[in-house]
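Notes for the one structure printed next.
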Amino acid sequence: MTFDDPVWGFSSDVEATNRSSNQMTRHIFVTGGVVSSLGKGLTSASIGLLLERRGLQVRMQKLDPYINVDPGTMSPYQHGEVYVLDDGAETDLDLGHYERFTDCPLSRESNYTTGRIYCSVIEKERRGEYLGSTVQVVPHVTNEIKSAIRKLAAPDVDVVITELGGTVGDIEGLPFLEAIRQIPLDVGRENCLFIHLTLVPYLRAAKELKTKPTQHSVEKLRQIGIQPDILIVRAERPIGNDNAEKIALFCNVEKNSVIEEVDKQLSIYEVPLGLVDHKLDELIVDKLRLNTGPLRMDDWRELMGRIRNPEHEATIAVVGKYIEHRDAYKSIYESLDHAGFSHSARVIVKRIEAEELEEQGPEMLLRGVDGILVPGGFGARGVEGKMKAIQFARECEIPFFGICLGMQTAVIEFARNILGLEDAHSTEFSADTEAPVICMLEEQTKITYKGGTMRLGAQPCQIAPGSLAAACYEADDVEERHRHRYEFNPEYRQRCEEAGLIFSGTHPESGLVEIVEVPDHPWFLAVQFHPEFKSKPHTPHPLFKGFVEAALSRHKNRTHMTI
């Protein structure tokens, strides 16, 4: 067996061709140490943004060491939201940061897990592709990981940024670290850059910042065979010149390669500008010998000016099932912020547990809010609380926005309180209900596996002329991302329409209901899809923009009435 055999590595003649080309795709690997939740996703997204703003073509990718094939079946309490792409891939929430910060096209090739890697290796073994070899972590699993990374490399791609989830030292992450250690051997060390994000904690009792955790983290990485080129150190306060010099010396990096990233109190959208202040983009361009244009960040600075100096404000209640876990509705909160930016406004989010509202009543918990948003979720817990919030919004003429389960509960509430169908429900929560206004999709009834089997990804939606949705979108046809099993039951459409419910968005072929509205209301709209997955800080989603505008109008009117 030779080195050219695909079992051991990439074909040497292909690599020789790539190495001789000045246009070869560069690779940036972002790892983390000391603790999780340091913000590798935000940092990676910010790096992608800075490189794009220099005119480079960038691709982004997240490698997650957990054994789930994807996060689709994981609890929001453990993992946060599941971010869905146009192609239907259920991915890590960090891909939301990638899409919000950059223009990178993302697909299911942008997120790999241990489970997905091992599934592929086992399938190949069953097909006999390893020709009788003993299948091992090295080289078979590591080759599969390298193949996943190199799929994003292409002649028109300048840089691939690959973020590795977890922290250095996690046992499940070792095959991924071994794989990225090998990548420079395949493509040339000069074409790879290792960025390590780590923590410099502040001990209040000693009134000192401590660099030792960072030193140990880098030491662990070097034992694996990876020498970081750049260290980004997270701290709650500036680390100072002495600490920067100490970190550089003991971690074997140049001092200008120790980049400080102090906690941002105002907005996550400060992060890229903080990295620019420390010249991270220049450092990356220099180390990878990239031919780029000047950095263009004027619009980002203007955005930060609006964030720092809002002219208006509104309070919006988010009534959900997973409120205590902030990341469970990460894209919802970001989309509300984006809409606020466009109106030079600060959106104050009041997070309300649906179960708590069910017990205490909407009059107590929703008093004084300017808008009510009911997001998605699974399971019966808190559903009655969501319906009470929706009824309160409808009857008190408070702007309301329902998303996914929020639309389904809005339909159930309408059927119960307007149509008089007291037993109206979803078959998800009440299989024997006499009025199943929400029911499972026909194609879903025979599915037994849970993973990756919902209605997923981008689907077309036809907008009814003259509707609120049409006014927001300013378009007749749109595409939105879905993640659900249950739908509005068309058997109840005529009765709902006769009672005043407007079906303003439908699938052009199947006729599935995508958007419902209540007329003679300041702003009452609910959607079956997830518009939060298509919102960006400079281009807020039209529905979020319209909803926040209605909430600002209500706040202004209430303020004038008080005066």
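Simple scheme: letters A, B, ... for chains in structure tokens order, numbers from 1 for residues in each chain, numbers from 1 for ligands in the order shown.
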Shell around range 191-203 of chain A at 9 Å using only C-alpha atoms, local window under 6 positions removed, as a short mmCIF file (atom, residue, chain, number, x, y, z; two decimals) with N, CA, C and O atoms, in the first residue's frame:
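Writing done, so here's out23.cif:
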data_model
loop_
_atom_site.label_atom_id
_atom_site.label_comp_id
_atom_site.auth_asym_id
_atom_site.auth_seq_id
_atom_site.Cartn_x
_atom_site.Cartn_y
_atom_site.Cartn_z
N ARG A 19 -0.69 22.62 -4.86
CA ARG A 19 0.41 23.33 -4.21
C ARG A 19 1.11 24.28 -5.18
O ARG A 19 1.64 25.30 -4.77
N MET A 24 -4.66 28.40 -4.56
CA MET A 24 -5.10 27.30 -3.72
C MET A 24 -5.89 27.81 -2.52
O MET A 24 -5.53 28.81 -1.89
N THR A 25 -6.98 27.12 -2.21
CA THR A 25 -7.80 27.48 -1.06
C THR A 25 -6.99 27.37 0.23
O THR A 25 -6.34 26.36 0.48
N ARG A 26 -7.06 28.42 1.05
CA ARG A 26 -6.42 28.38 2.36
C ARG A 26 -7.42 27.86 3.39
O ARG A 26 -8.63 27.98 3.22
N HIS A 27 -6.88 27.32 4.48
CA HIS A 27 -7.73 26.79 5.55
C HIS A 27 -7.41 27.49 6.86
O HIS A 27 -6.24 27.62 7.24
N ILE A 28 -8.46 27.93 7.54
CA ILE A 28 -8.33 28.47 8.89
C ILE A 28 -9.11 27.55 9.83
O ILE A 28 -10.28 27.26 9.59
N PHE A 29 -8.44 27.10 10.88
CA PHE A 29 -9.08 26.22 11.87
C PHE A 29 -9.20 26.98 13.19
O PHE A 29 -8.22 27.54 13.68
N VAL A 30 -10.42 27.01 13.73
CA VAL A 30 -10.68 27.72 14.98
C VAL A 30 -11.00 26.69 16.05
O VAL A 30 -11.98 25.95 15.95
N THR A 31 -10.16 26.64 17.07
CA THR A 31 -10.36 25.72 18.20
C THR A 31 -10.57 26.53 19.47
O THR A 31 -10.33 27.74 19.50
N GLY A 32 -11.00 25.84 20.52
CA GLY A 32 -11.25 26.52 21.79
C GLY A 32 -10.68 25.75 22.96
O GLY A 32 -10.52 24.53 22.90
N GLY A 33 -10.37 26.46 24.03
CA GLY A 33 -9.81 25.80 25.20
C GLY A 33 -10.34 26.37 26.49
O GLY A 33 -11.04 27.38 26.51
N VAL A 34 -10.04 25.69 27.57
CA VAL A 34 -10.38 26.03 28.96
C VAL A 34 -11.84 25.71 29.26
O VAL A 34 -12.15 24.86 30.08
N VAL A 35 -12.77 26.44 28.62
CA VAL A 35 -14.19 26.19 28.85
C VAL A 35 -14.93 26.33 27.52
O VAL A 35 -14.43 26.93 26.57
N LEU A 38 -17.23 30.02 24.81
CA LEU A 38 -16.38 31.22 24.77
C LEU A 38 -16.73 32.13 23.61
O LEU A 38 -16.31 33.28 23.57
N GLY A 39 -17.49 31.61 22.65
CA GLY A 39 -17.85 32.43 21.49
C GLY A 39 -17.06 32.10 20.25
O GLY A 39 -16.78 32.99 19.43
N LYS A 40 -16.70 30.82 20.08
CA LYS A 40 -15.97 30.44 18.86
C LYS A 40 -16.81 30.72 17.61
O LYS A 40 -16.28 31.12 16.58
N THR A 43 -16.74 34.43 16.91
CA THR A 43 -15.40 34.80 16.45
C THR A 43 -15.16 34.30 15.02
O THR A 43 -14.64 35.05 14.18
N ILE A 183 -4.14 17.97 8.01
CA ILE A 183 -4.46 18.77 6.82
C ILE A 183 -3.25 19.52 6.28
O ILE A 183 -3.00 19.52 5.06
N PRO A 184 -2.42 20.18 7.11
CA PRO A 184 -1.24 20.86 6.56
C PRO A 184 -0.28 19.92 5.83
O PRO A 184 0.43 20.36 4.92
N LEU A 209 -5.80 38.97 36.65
CA LEU A 209 -6.09 38.12 35.49
C LEU A 209 -5.09 36.97 35.50
O LEU A 209 -3.90 37.18 35.77
N LYS A 210 -5.56 35.76 35.19
CA LYS A 210 -4.70 34.59 35.26
C LYS A 210 -4.51 33.99 33.86
O LYS A 210 -5.47 33.63 33.18
N THR A 211 -3.24 33.87 33.45
CA THR A 211 -2.93 33.35 32.11
C THR A 211 -2.67 31.85 32.11
O THR A 211 -2.56 31.24 31.04
N LYS A 212 -2.58 31.24 33.29
CA LYS A 212 -2.19 29.83 33.34
C LYS A 212 -3.18 28.92 32.60
O LYS A 212 -2.75 27.98 31.91
N PRO A 213 -4.53 29.12 32.73
CA PRO A 213 -5.44 28.26 31.96
C PRO A 213 -5.17 28.31 30.46
O PRO A 213 -5.25 27.28 29.78
N THR A 214 -4.84 29.49 29.95
CA THR A 214 -4.51 29.61 28.53
C THR A 214 -3.24 28.83 28.20
O THR A 214 -3.16 28.13 27.19
N SER A 217 -4.02 25.16 28.09
CA SER A 217 -4.83 24.83 26.92
C SER A 217 -3.96 24.71 25.67
O SER A 217 -4.09 23.76 24.89
N VAL A 218 -3.05 25.67 25.51
CA VAL A 218 -2.16 25.63 24.35
C VAL A 218 -1.19 24.46 24.47
O VAL A 218 -0.87 23.80 23.46
N ILE A 226 -0.41 20.35 17.25
CA ILE A 226 -0.89 21.59 16.62
C ILE A 226 -0.31 22.78 17.36
O ILE A 226 -0.54 22.96 18.56
N GLN A 227 0.44 23.59 16.66
CA GLN A 227 0.97 24.84 17.22
C GLN A 227 0.07 25.97 16.70
O GLN A 227 0.04 26.26 15.51
N PRO A 228 -0.67 26.63 17.60
CA PRO A 228 -1.52 27.73 17.12
C PRO A 228 -0.69 28.88 16.58
O PRO A 228 0.40 29.18 17.09
N ASP A 229 -1.20 29.50 15.53
CA ASP A 229 -0.54 30.66 14.93
C ASP A 229 -1.02 31.95 15.57
O ASP A 229 -0.25 32.92 15.65
N ILE A 230 -2.28 31.96 15.97
CA ILE A 230 -2.88 33.15 16.57
C ILE A 230 -3.68 32.72 17.80
O ILE A 230 -4.39 31.72 17.76
N LEU A 231 -3.55 33.47 18.88
CA LEU A 231 -4.35 33.24 20.07
C LEU A 231 -5.32 34.41 20.24
O LEU A 231 -4.91 35.58 20.21
N ILE A 232 -6.60 34.08 20.38
CA ILE A 232 -7.59 35.09 20.71
C ILE A 232 -8.02 34.82 22.14
O ILE A 232 -8.55 33.75 22.44
N VAL A 233 -7.73 35.75 23.02
CA VAL A 233 -7.97 35.52 24.44
C VAL A 233 -9.20 36.30 24.89
O VAL A 233 -9.28 37.52 24.73
N ARG A 234 -10.17 35.58 25.44
CA ARG A 234 -11.37 36.19 25.99
C ARG A 234 -11.11 36.62 27.43
O ARG A 234 -10.51 35.87 28.20
N ALA A 235 -11.57 37.79 27.77
CA ALA A 235 -11.41 38.30 29.13
C ALA A 235 -12.51 39.32 29.40
O ALA A 235 -13.04 39.93 28.46
N GLU A 236 -12.83 39.48 30.66
CA GLU A 236 -13.87 40.45 31.00
C GLU A 236 -13.32 41.86 31.11
O GLU A 236 -14.09 42.83 31.24
N ARG A 237 -11.99 42.01 31.05
CA ARG A 237 -11.34 43.32 31.09
C ARG A 237 -10.03 43.23 30.30
O ARG A 237 -9.52 42.13 30.06
N ILE A 239 -6.35 42.75 29.07
CA ILE A 239 -5.34 41.89 29.71
C ILE A 239 -4.03 42.63 29.96
O ILE A 239 -3.22 42.20 30.79
N ILE A 284 -4.13 37.87 9.59
CA ILE A 284 -4.51 36.68 8.83
C ILE A 284 -4.08 36.80 7.38
O ILE A 284 -3.51 35.86 6.79
N LYS A 287 -0.26 36.30 7.22
CA LYS A 287 0.20 34.94 7.49
C LYS A 287 -0.17 33.97 6.37
O LYS A 287 0.56 33.01 6.11
N LEU A 288 -1.29 34.19 5.71
CA LEU A 288 -1.72 33.29 4.64
C LEU A 288 -1.35 33.82 3.25
O LEU A 288 -1.69 33.19 2.24
N ARG A 289 -0.65 34.97 3.21
CA ARG A 289 -0.20 35.55 1.94
C ARG A 289 -1.37 35.71 0.97
O ARG A 289 -1.30 35.30 -0.20
#
For CA of Glu311 in chain A and CA of Arg558 in chain A, the interatomic separation in Å (one decimal):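 That distance, rounded to one decimal, is 16.6 Å.
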Range 139-244 of chain A: residues DSSP assigns to alpha helix (DSSP H), reported as a ChimeraX atom specification: /A:142-150,174-187,212-224,240-244
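Of the listed residues A:Val69, A:Val135, A:Met387, A:Ala154, the one whose atoms come nearest to His425 in chain A is A:Met387, with distances taken using only C-alpha atoms.
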Non-local contacts of range 464-468 of chain A (8 Å; only C-alpha atoms; under 4 positions in same chain excluded) as a PDB file with N, CA and C atoms, in the first residue's frame:
ATOM      1  N   CYS A 472     -45.897  43.640   3.878  1.00  0.00           N
ATOM      2  CA  CYS A 472     -44.574  43.477   4.491  1.00  0.00           C
ATOM      3  C   CYS A 472     -43.540  43.003   3.478  1.00  0.00           C
ATOM      4  N   ASP A 476     -45.015  38.870  -4.428  1.00  0.00           N
ATOM      5  CA  ASP A 476     -46.110  37.915  -4.610  1.00  0.00           C
ATOM      6  C   ASP A 476     -45.704  36.500  -4.220  1.00  0.00           C
ATOM      7  N   PHE A 503     -56.295  33.637   5.078  1.00  0.00           N
ATOM      8  CA  PHE A 503     -55.185  32.755   4.734  1.00  0.00           C
ATOM      9  C   PHE A 503     -54.373  33.466   3.651  1.00  0.00           C
ATOM     10  N   SER A 504     -53.371  34.200   4.082  1.00  0.00           N
ATOM     11  CA  SER A 504     -52.670  35.110   3.170  1.00  0.00           C
ATOM     12  C   SER A 504     -51.422  34.524   2.536  1.00  0.00           C
ATOM     13  N   GLY A 505     -51.060  33.311   2.925  1.00  0.00           N
ATOM     14  CA  GLY A 505     -49.903  32.657   2.328  1.00  0.00           C
ATOM     15  C   GLY A 505     -50.142  31.172   2.214  1.00  0.00           C
ATOM     16  N   GLU A 517     -53.902  35.538   9.045  1.00  0.00           N
ATOM     17  CA  GLU A 517     -54.021  36.886   9.592  1.00  0.00           C
ATOM     18  C   GLU A 517     -55.419  37.081  10.179  1.00  0.00           C
ATOM     19  N   TRP A 523     -52.077  44.552  14.042  1.00  0.00           N
ATOM     20  CA  TRP A 523     -51.069  43.692  13.382  1.00  0.00           C
ATOM     21  C   TRP A 523     -51.167  42.308  14.005  1.00  0.00           C
ATOM     22  N   LEU A 525     -50.519  38.431  12.746  1.00  0.00           N
ATOM     23  CA  LEU A 525     -50.056  37.570  11.660  1.00  0.00           C
ATOM     24  C   LEU A 525     -49.288  36.401  12.255  1.00  0.00           C
TER      25      LEU A 525
END
Atom-to-atom span, CA of His530 in chain A and CA of Ile149 in chain A, Å: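 A separation of 28.5 Å between them.
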Computed interatomic separation between CA of Ala153 in chain A and CA of Ser110 in chain A (Å):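 These atoms are spaced 11.7 Å apart.
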Against range 327-346 of chain A, which residues of range 55-101 of chain A fall within 10 Å? For each one I want the closest pair of atoms and the distance in Å (one decimal), counting only C-alpha atoms, rows by chain and increasing residue number, as a Markdown table.
| residue | atom | partner | partner_atom | distance |
| --- | --- | --- | --- | --- |
| A:Ser75 | CA | A:Ala328 | CA | 9.1 |
| A:Pro76 | CA | A:Ala328 | CA | 5.3 |
| A:Tyr77 | CA | A:Ala328 | CA | 7.0 |
| A:Gln78 | CA | A:Ala328 | CA | 9.0 |
| A:His79 | CA | A:Ala328 | CA | 7.6 |
| A:Gly80 | CA | A:Ala328 | CA | 4.0 |
| A:Glu81 | CA | A:Ala328 | CA | 4.3 |
| A:Val82 | CA | A:Ala328 | CA | 8.0 |
| A:Tyr83 | CA | A:Ser331 | CA | 8.3 |
| A:Leu93 | CA | A:Lys330 | CA | 7.9 |
| A:Asp94 | CA | A:Lys330 | CA | 9.9 |
| A:Gly96 | CA | A:Ser331 | CA | 7.1 |
| A:His97 | CA | A:Ser331 | CA | 8.9 |
| A:Arg100 | CA | A:Glu334 | CA | 9.0 |
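Counting only C-alpha atoms, Thr433 in chain A has the following residues at most 7 Å away, ignoring those fewer than 6 positions along the same chain: Asp423, Ala424, His425 and Thr427 of chain A.
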Let me see the file: selected residues, all heavy atoms, as a PDB file, in the first residue's frame.
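The new file out.pdb reads:
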ATOM      1  N   ASP A 423     -63.601  22.017  21.662  1.00  0.00           N
ATOM      2  CA  ASP A 423     -62.648  20.896  21.693  1.00  0.00           C
ATOM      3  C   ASP A 423     -61.521  21.056  20.672  1.00  0.00           C
ATOM      4  O   ASP A 423     -60.703  20.174  20.504  1.00  0.00           O
ATOM      5  CB  ASP A 423     -63.397  19.578  21.451  1.00  0.00           C
ATOM      6  CG  ASP A 423     -62.526  18.356  21.711  1.00  0.00           C
ATOM      7  OD1 ASP A 423     -61.875  18.312  22.784  1.00  0.00           O
ATOM      8  OD2 ASP A 423     -62.465  17.470  20.839  1.00  0.00           O
ATOM      9  N   ALA A 424     -61.495  22.190  19.968  1.00  0.00           N
ATOM     10  CA  ALA A 424     -60.488  22.382  18.926  1.00  0.00           C
ATOM     11  C   ALA A 424     -59.087  22.202  19.479  1.00  0.00           C
ATOM     12  O   ALA A 424     -58.755  22.693  20.565  1.00  0.00           O
ATOM     13  CB  ALA A 424     -60.628  23.771  18.306  1.00  0.00           C
ATOM     14  N   HIS A 425     -58.261  21.471  18.726  1.00  0.00           N
ATOM     15  CA  HIS A 425     -56.898  21.213  19.195  1.00  0.00           C
ATOM     16  C   HIS A 425     -56.058  20.693  18.036  1.00  0.00           C
ATOM     17  O   HIS A 425     -56.527  20.556  16.903  1.00  0.00           O
ATOM     18  CB  HIS A 425     -56.902  20.188  20.330  1.00  0.00           C
ATOM     19  CG  HIS A 425     -55.981  20.554  21.456  1.00  0.00           C
ATOM     20  ND1 HIS A 425     -54.692  20.977  21.268  1.00  0.00           N
ATOM     21  CD2 HIS A 425     -56.174  20.564  22.806  1.00  0.00           C
ATOM     22  CE1 HIS A 425     -54.134  21.244  22.430  1.00  0.00           C
ATOM     23  NE2 HIS A 425     -55.010  21.011  23.389  1.00  0.00           N
ATOM     24  N   THR A 427     -53.765  17.418  16.788  1.00  0.00           N
ATOM     25  CA  THR A 427     -53.636  15.987  17.084  1.00  0.00           C
ATOM     26  C   THR A 427     -52.285  15.655  17.703  1.00  0.00           C
ATOM     27  O   THR A 427     -52.096  14.556  18.219  1.00  0.00           O
ATOM     28  CB  THR A 427     -53.849  15.148  15.810  1.00  0.00           C
ATOM     29  OG1 THR A 427     -52.931  15.593  14.793  1.00  0.00           O
ATOM     30  CG2 THR A 427     -55.284  15.288  15.293  1.00  0.00           C
TER      31      THR A 427
END
Exercise: Phe101 in chain A partners within 7 Å, only C-alpha atoms, chain neighbours under 3 positions left out, as a list in words: Ala45, Ser46, Leu49, His97 and Tyr98 of chain A
Nearest-residue call for Ile268 in chain A, choices A:Cys251, A:Glu514, A:Gly41, A:Pro519, using only C-alpha atoms: A:Gly41
Selection near Glu245 in chain A, 9 Å with only C-alpha atoms, sequence-local residues under 3 positions removed, as an MDAnalysis selection string: chainID A and resid 240:242 248:250 254:255 258
